[in-house]
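A short worksheet on the structure shown next.
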Amino acid sequence: MDIATLVVVGLVIITALTFDFTNGFHDTANAMATSIATGALKPKTAVIAAGTLNLVGAFLSTEVAKTISGGIINEQAVTIGPEFIFAGLVGAIIWNLLTWLVGLPSSSSHALFGGLVGAVIIGAGIEGVNFGAVLAKVLIPALVSPIVAGLAAFVAVKLIYFIVKKMSEDQIVNGFRHGQTVTACLVALSHGTNDAQKTMGIITLTLIAVGAQGAGTGPQLWVVAVCGLAIAAGTYMGGWRVIRTLGKGLTEISTPQGFAAEAASATTILVSSHMGFALSTTQVCSGSIIGTGLGKPGNKVNWGVAARMLVAWLVTFPAAGLVGAAACALAKTGLGGTIAVAFIAVVAALVIFRLSKRNPVNSGNVNEASEVKIKPSASTKVATAA
Amino acid sequence: MQEFINFATVLVVAVCVAGMISTLYASGLRLWAAGGLDREGYARIMPRVGSVICFSGCVFIVLFALWLMIPIFH
C-alpha cells in the first residue's frame with residue numbers, strides 16, 4: 001500500500017468514526033427524549049443508559065452491511081474508492097452537525113446515502129446511482145415511517161387512557177415511569193444493533209478494497225470495538241438540542257404517552273427490520289411522539305415544528321449530497337485535495353460548535369424551554385448574566 | 001406492489017403489537033391498583049393475579065423483542 005492510499009484510508013477510518021460519533025449524539029433523542037421530558041429518567045442517567053446499550057448492541061449483532069450504500073449506488077458498475085466514501089462521510093457529518101445546531105432530528109443513514117450519492121455523481125457519473133432504490137429506500141420511508149409509528153402510538157395512547165381513567169394521577173405517573181424506562185432501553189439497544197454496523201461495514205469494505213483484509217471476511221475485533229465505542233461516546237454526549245425538540249417541542253408528554261411512544265417505536269423498528277427493510281429510527285420516533293400528542297385528549301401538537309422536521313427529512317438526502325459532491329470534486333484532485341477537504345470539514349465543525357455555544361442546551365437546561373434557538377433570547381441573556 | 005404490501009404489513013403488526021403491550025401494561029397497573037387491601041386487611045387476590053398475568057405478558061413481549069434483536073438467538 002503506497003503512502004497516499006494509506007493516508008486516504010486513515011482519513012476514511014477517522015471520518016467514519018466521527019460520523020459514528022455524530023450518529024450517536026444525534027440519535028440519543030430517539031430513545032431517551034421522552035424519558036427525559038417526563039422525568040422518568042434524569043438526563044445524565046438517560047444518556048449513560050443509552051450509551052451503554054448502544055455499546056452492548058454493537059457487540060451483539062454481527063449482521064454487518066454487505067454493501068456500503070444498501071443498493072442505492074450501483075456497486076457493480078461503479079467502484080467506490082476510499083475518496084468517494086470519505087467525501088460521502090464528510091457530507092453526512094456536516095449535515096448531522098447543522099441539523100443538530102438547529103435542533104432538528106434527521107436520519108443519519110439518509111445523510112450518509114445522500115453524501116455517497118453526491119460523491120459518486122461527481123466522481124463516476126450519474127449512471128452510478130440507482131434512483132429507484134433512492135425512491136424505495138429514502139423518499140417513501142421518510143413519508144411512511146412517521147405515519148406507521150404515529151398510528152401505532154395513537155392507538156396505544158387511546159387504549160391506555162381508556163383503561164386507566166379511574167386511576168389516580170400519581171398511580172398513572174409512577175406506574176408508567178417504569179414501563180417507559182424499559183421501552184426506551186429497548187429502542188436504545190436496537191439502535192446499537194443497527195447503526196454501529198453501518199460504520200463497521202464502511203471500514204471493513206474500505207480495508208477489503210485496498211487489500212488490507214481478505215474479501216468476504218467480517219469486521220475485525222478492533223473495528224467492532226472502536227465503532228461501538230464511538231457511537232456509545234456520541235450517545236453519552238447527548239444531543240441535547242435534538243432531545244429538547246423531540247421531548248418538549250412537538251407536544252407536552254406525560255409518562256403514559258412516553259410509554260406508548262417508545263413501545264410503538266420499538267415495535268415498528270423491530271417489525272420493519274424483521275421484514276427486511278429498515279426504517280429510519282429518527283423518523284419512527286418522531287412519528288410516535290406526534291401520534292401520542294394526537295391521541296391524548298386535550299393535547300396539542302406543534303405543527304410548525306413537525307413541518308420543519310418533515311422538510312428537514314426531505315432535504316437531508318439532497319443537502320448531504322451537495323456537500324458530498326463538493327467534497328468529492330476537491331478530493332479527487334489528489335492527496336492535497338483530500339487533505340484540504342478534511343481541513344475544511346474540521347473548520348466547518350468548529351464553526352458549528354462555536355455557534356452552538358451562543359445558546360447552549362445541556363443536561364441542566366434541556367427541559368427549560370421547548371425551542372432551540374441559535375441566538376440567545378433576552379431572558380436567556382439575563383439568566384446567563386445573573 | 002410488494003413494497004406497499006410490506007408497509008401495510010408493518011403498519012398492521014405495529015399497531016396490533018403496540019396496542020397489545022399498552023393494553024397489557026395499563027391493565028396490569030389498573031388491576032394492581034384495584035387489588036389493594038380490603039376492609040379486613042387482606043389483599044384482593046383476583047385483581048392481583050390478573051395484574052401478574054398482564055405484567056407477565058409484557059415481560060414475554062420484551063423477551064421476544066430481545067430475541068428478535070439479537071441475531072445469535074436465531
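Letters for chains follow the order of the C-alpha cells (A, B, ...), residue numbers begin at 1 for each chain, and ligand numbers begin at 1 in the order shown.
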
Inset, instruction - Can you check which residues of segment 192-377 of chain A DSSP gives as alpha helix (DSSP H) on the backbone and send them as an MDAnalysis selection string? - result: chainID A and resid 192:209 221:237 240:244 255:274 281:295 303:331 335:356

Taking 6 positions as the minimum chain separation for residues in the same chain, which residues sit within 12 Å of Ile5 of chain B when counting only C-alpha atoms? Answer as an mmCIF file with C-alpha atoms, in the first residue's frame.
```cif
data_model
loop_
_atom_site.group_PDB
_atom_site.id
_atom_site.type_symbol
_atom_site.label_atom_id
_atom_site.label_comp_id
_atom_site.auth_asym_id
_atom_site.auth_seq_id
_atom_site.Cartn_x
_atom_site.Cartn_y
_atom_site.Cartn_z
ATOM 1 C CA MET A 275 -39.461 -7.746 7.224
ATOM 2 C CA LEU B 11 -48.494 -0.954 9.840
ATOM 3 C CA VAL B 12 -50.952 -3.659 10.904
#
```

Legend entry - Pick from A:Thr268, A:Thr217, A:Ser61, A:Gln197, whichever lies nearest to Phe73 of chain B using only C-alpha atoms: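 For Phe73 of chain B, the nearest of the given residues is A:Ser61.
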
Residues of chain A that have any atom at most 7 Å from an atom of chain B: could you tabulate them with the shortest-distance atom pair and the distance in Å to one decimal, using only C-alpha atoms, ordered by chain and increasing number, as CSV?
```
residue,atom,partner,partner_atom,distance
A:Leu60,CA,B:Ile70,CA,6.1
A:Ser61,CA,B:Pro71,CA,5.9
A:Val148,CA,B:Leu11,CA,5.2
A:Leu151,CA,B:Val15,CA,6.8
A:Ala152,CA,B:Val15,CA,4.1
A:Val155,CA,B:Gly19,CA,6.2
A:Ala156,CA,B:Gly19,CA,4.6
A:Leu159,CA,B:Thr23,CA,6.3
A:Ile160,CA,B:Ala26,CA,5.7
A:Ile163,CA,B:Ala26,CA,6.3
A:Val164,CA,B:Arg30,CA,6.1
A:Met167,CA,B:Arg30,CA,6.8
A:Gly175,CA,B:Leu29,CA,6.5
A:Ser190,CA,B:Met69,CA,6.4
A:Ala260,CA,B:Ser22,CA,6.6
A:Ala263,CA,B:Ala18,CA,5.8
A:Ala264,CA,B:Ala18,CA,5.1
A:Thr267,CA,B:Ala14,CA,5.6
A:Thr268,CA,B:Ala14,CA,5.2
A:Val271,CA,B:Val10,CA,6.1
A:Ser272,CA,B:Val10,CA,6.0
```

Inset, instruction - With a distance cut-off of 12 Å and only C-alpha atoms, select the neighbouring residues of segment 351-355 of chain A, excluding the residue or stretch itself and same-chain residues fewer than 6 positions from it, and output the selection as a ChimeraX atom specification. - result: /A:93-102,344-345,361,373-376

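For the choices A:Glu368, A:Glu75, A:Glu83, A:Asp27, the atom-to-atom distance to Gly334 of chain A is smallest for A:Glu83 when using only C-alpha atoms.
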
Inset, instruction - Excluding Ile73 of chain A and residues on its chain fewer than 5 positions from it, collect all residues at most 8 Å away from it, counting only C-alpha atoms, and give them as a list in words. - result: Val78, Val117, Val120, Gly128, Val129 and Asn130 of chain A

Legend entry - Selection near Ile147 of chain A, 10 Å with only C-alpha atoms, sequence-local residues under 5 positions removed, as a VMD selection string: (chain A and resid 141 to 142 152 to 153 283 to 284 286 to 288 290 to 291) or (chain B and resid 11)

Neighbour list for segment 221-237 of chain A as an mmCIF file with N, CA and C atoms, in the first residue's frame, cut-off 10 Å, only C-alpha atoms, skip fewer than 5 positions in-chain:
```cif
data_model
loop_
_atom_site.group_PDB
_atom_site.id
_atom_site.type_symbol
_atom_site.label_atom_id
_atom_site.label_comp_id
_atom_site.auth_asym_id
_atom_site.auth_seq_id
_atom_site.Cartn_x
_atom_site.Cartn_y
_atom_site.Cartn_z
ATOM 1 N N ILE A 13 -11.111 6.097 7.898
ATOM 2 C CA ILE A 13 -11.417 5.469 9.200
ATOM 3 C C ILE A 13 -11.743 6.546 10.241
ATOM 4 N N ALA A 16 -15.090 8.021 9.352
ATOM 5 C CA ALA A 16 -16.181 7.075 9.632
ATOM 6 C C ALA A 16 -16.496 7.051 11.128
ATOM 7 N N LEU A 17 -15.457 7.078 11.944
ATOM 8 C CA LEU A 17 -15.680 7.071 13.396
ATOM 9 C C LEU A 17 -16.306 8.391 13.858
ATOM 10 N N THR A 18 -15.914 9.499 13.202
ATOM 11 C CA THR A 18 -16.534 10.791 13.532
ATOM 12 C C THR A 18 -18.011 10.764 13.173
ATOM 13 N N PHE A 19 -18.308 10.180 11.999
ATOM 14 C CA PHE A 19 -19.714 10.044 11.595
ATOM 15 C C PHE A 19 -20.473 9.197 12.615
ATOM 16 N N ASP A 20 -19.842 8.115 13.059
ATOM 17 C CA ASP A 20 -20.468 7.232 14.053
ATOM 18 C C ASP A 20 -20.777 8.017 15.340
ATOM 19 N N PHE A 21 -19.820 8.857 15.721
ATOM 20 C CA PHE A 21 -19.991 9.681 16.926
ATOM 21 C C PHE A 21 -21.183 10.638 16.744
ATOM 22 N N THR A 22 -21.232 11.326 15.594
ATOM 23 C CA THR A 22 -22.346 12.273 15.370
ATOM 24 C C THR A 22 -23.677 11.515 15.262
ATOM 25 N N ASN A 23 -23.619 10.310 14.704
ATOM 26 C CA ASN A 23 -24.823 9.462 14.626
ATOM 27 C C ASN A 23 -25.327 9.176 16.039
ATOM 28 N N GLY A 24 -24.396 8.885 16.947
ATOM 29 C CA GLY A 24 -24.774 8.600 18.332
ATOM 30 C C GLY A 24 -25.408 9.795 19.004
ATOM 31 N N PHE A 25 -24.750 10.944 18.937
ATOM 32 C CA PHE A 25 -25.317 12.070 19.692
ATOM 33 C C PHE A 25 -26.545 12.657 19.024
ATOM 34 N N HIS A 26 -26.668 12.448 17.705
ATOM 35 C CA HIS A 26 -27.873 12.903 17.021
ATOM 36 C C HIS A 26 -29.071 12.040 17.405
ATOM 37 N N ASP A 27 -28.812 10.756 17.651
ATOM 38 C CA ASP A 27 -29.909 9.797 17.853
ATOM 39 C C ASP A 27 -30.187 9.469 19.317
ATOM 40 N N THR A 28 -29.461 10.079 20.260
ATOM 41 C CA THR A 28 -29.777 9.848 21.682
ATOM 42 C C THR A 28 -31.238 10.171 21.932
ATOM 43 N N ALA A 29 -31.690 11.241 21.259
ATOM 44 C CA ALA A 29 -33.064 11.717 21.467
ATOM 45 C C ALA A 29 -34.100 10.653 21.128
ATOM 46 N N LYS A 44 -28.730 12.793 32.831
ATOM 47 C CA LYS A 44 -27.425 12.122 32.789
ATOM 48 C C LYS A 44 -27.582 10.601 32.846
ATOM 49 N N THR A 45 -28.535 10.151 33.677
ATOM 50 C CA THR A 45 -28.792 8.703 33.772
ATOM 51 C C THR A 45 -29.252 8.174 32.413
ATOM 52 N N ALA A 46 -30.119 8.947 31.763
ATOM 53 C CA ALA A 46 -30.663 8.516 30.472
ATOM 54 C C ALA A 46 -29.555 8.340 29.435
ATOM 55 N N VAL A 47 -28.620 9.310 29.359
ATOM 56 C CA VAL A 47 -27.586 9.193 28.318
ATOM 57 C C VAL A 47 -26.566 8.103 28.660
ATOM 58 N N ILE A 48 -26.332 7.882 29.961
ATOM 59 C CA ILE A 48 -25.430 6.776 30.342
ATOM 60 C C ILE A 48 -26.068 5.439 29.930
ATOM 61 N N ALA A 49 -27.365 5.294 30.228
ATOM 62 C CA ALA A 49 -28.066 4.048 29.861
ATOM 63 C C ALA A 49 -28.054 3.859 28.347
ATOM 64 N N ALA A 50 -28.374 4.929 27.609
ATOM 65 C CA ALA A 50 -28.423 4.819 26.144
ATOM 66 C C ALA A 50 -27.046 4.504 25.573
ATOM 67 N N GLY A 51 -26.003 5.172 26.103
ATOM 68 C CA GLY A 51 -24.638 4.941 25.625
ATOM 69 C C GLY A 51 -24.207 3.500 25.871
ATOM 70 N N THR A 52 -24.487 3.004 27.074
ATOM 71 C CA THR A 52 -24.103 1.626 27.419
ATOM 72 C C THR A 52 -24.820 0.626 26.513
ATOM 73 N N LEU A 53 -26.120 0.847 26.306
ATOM 74 C CA LEU A 53 -26.886 -0.094 25.478
ATOM 75 C C LEU A 53 -26.447 -0.039 24.017
ATOM 76 N N ASN A 54 -26.042 1.140 23.542
ATOM 77 C CA ASN A 54 -25.513 1.239 22.180
ATOM 78 C C ASN A 54 -24.214 0.444 22.048
ATOM 79 N N LEU A 55 -23.370 0.533 23.095
ATOM 80 C CA LEU A 55 -22.102 -0.216 23.079
ATOM 81 C C LEU A 55 -22.376 -1.720 23.097
ATOM 82 N N VAL A 56 -23.278 -2.138 23.976
ATOM 83 C CA VAL A 56 -23.637 -3.565 24.054
ATOM 84 C C VAL A 56 -24.213 -4.023 22.708
ATOM 85 N N GLY A 57 -25.102 -3.187 22.142
ATOM 86 C CA GLY A 57 -25.748 -3.520 20.869
ATOM 87 C C GLY A 57 -24.743 -3.722 19.751
ATOM 88 N N ALA A 58 -23.676 -2.906 19.754
ATOM 89 C CA ALA A 58 -22.657 -3.016 18.705
ATOM 90 C C ALA A 58 -21.988 -4.379 18.733
ATOM 91 N N PHE A 59 -21.832 -4.963 19.920
ATOM 92 C CA PHE A 59 -21.180 -6.269 20.028
ATOM 93 C C PHE A 59 -22.157 -7.429 19.819
ATOM 94 N N SER A 61 -24.760 -7.692 17.631
ATOM 95 C CA SER A 61 -25.154 -8.013 16.266
ATOM 96 C C SER A 61 -23.937 -8.169 15.365
ATOM 97 N N THR A 62 -23.919 -9.251 14.601
ATOM 98 C CA THR A 62 -22.817 -9.473 13.659
ATOM 99 C C THR A 62 -23.269 -9.223 12.224
ATOM 100 N N VAL A 64 -23.336 -7.232 9.668
ATOM 101 C CA VAL A 64 -22.735 -6.031 9.094
ATOM 102 C C VAL A 64 -23.180 -5.864 7.651
ATOM 103 N N ALA A 188 -32.971 2.009 22.543
ATOM 104 C CA ALA A 188 -31.524 2.284 22.561
ATOM 105 C C ALA A 188 -30.732 1.051 22.127
ATOM 106 N N HIS A 191 -31.016 0.462 18.452
ATOM 107 C CA HIS A 191 -30.181 1.444 17.743
ATOM 108 C C HIS A 191 -28.743 0.949 17.662
ATOM 109 N N GLY A 192 -28.238 0.436 18.793
ATOM 110 C CA GLY A 192 -26.862 -0.074 18.828
ATOM 111 C C GLY A 192 -26.661 -1.264 17.909
ATOM 112 N N THR A 193 -27.675 -2.139 17.825
ATOM 113 C CA THR A 193 -27.527 -3.331 16.969
ATOM 114 C C THR A 193 -27.615 -2.980 15.485
ATOM 115 N N ASP A 195 -27.150 0.722 14.020
ATOM 116 C CA ASP A 195 -26.418 1.861 13.466
ATOM 117 C C ASP A 195 -24.897 1.714 13.517
ATOM 118 N N ALA A 196 -24.374 1.075 14.587
ATOM 119 C CA ALA A 196 -22.916 0.911 14.646
ATOM 120 C C ALA A 196 -22.431 0.013 13.511
ATOM 121 N N GLN A 197 -23.320 -0.882 13.041
ATOM 122 C CA GLN A 197 -22.922 -1.828 11.984
ATOM 123 C C GLN A 197 -22.610 -1.118 10.661
ATOM 124 N N LYS A 198 -23.288 0.041 10.433
ATOM 125 C CA LYS A 198 -23.052 0.754 9.172
ATOM 126 C C LYS A 198 -21.582 1.174 9.078
ATOM 127 N N THR A 199 -21.082 1.746 10.175
ATOM 128 C CA THR A 199 -19.696 2.209 10.164
ATOM 129 C C THR A 199 -18.736 1.028 10.112
ATOM 130 N N MET A 200 -19.079 -0.042 10.829
ATOM 131 C CA MET A 200 -18.237 -1.254 10.755
ATOM 132 C C MET A 200 -18.140 -1.724 9.305
ATOM 133 N N GLY A 201 -19.298 -1.720 8.615
ATOM 134 C CA GLY A 201 -19.338 -2.148 7.213
ATOM 135 C C GLY A 201 -18.469 -1.258 6.344
ATOM 136 N N ILE A 203 -15.851 0.654 7.187
ATOM 137 C CA ILE A 203 -14.418 0.467 7.451
ATOM 138 C C ILE A 203 -13.952 -0.880 6.886
ATOM 139 N N THR A 204 -14.760 -1.922 7.115
ATOM 140 C CA THR A 204 -14.376 -3.256 6.637
ATOM 141 C C THR A 204 -14.272 -3.283 5.110
ATOM 142 N N ASN A 362 -27.989 21.917 27.435
ATOM 143 C CA ASN A 362 -27.260 20.837 28.096
ATOM 144 C C ASN A 362 -28.181 20.087 29.052
ATOM 145 N N SER A 363 -27.589 19.156 29.810
ATOM 146 C CA SER A 363 -28.419 18.333 30.705
ATOM 147 C C SER A 363 -29.114 19.174 31.773
#
```
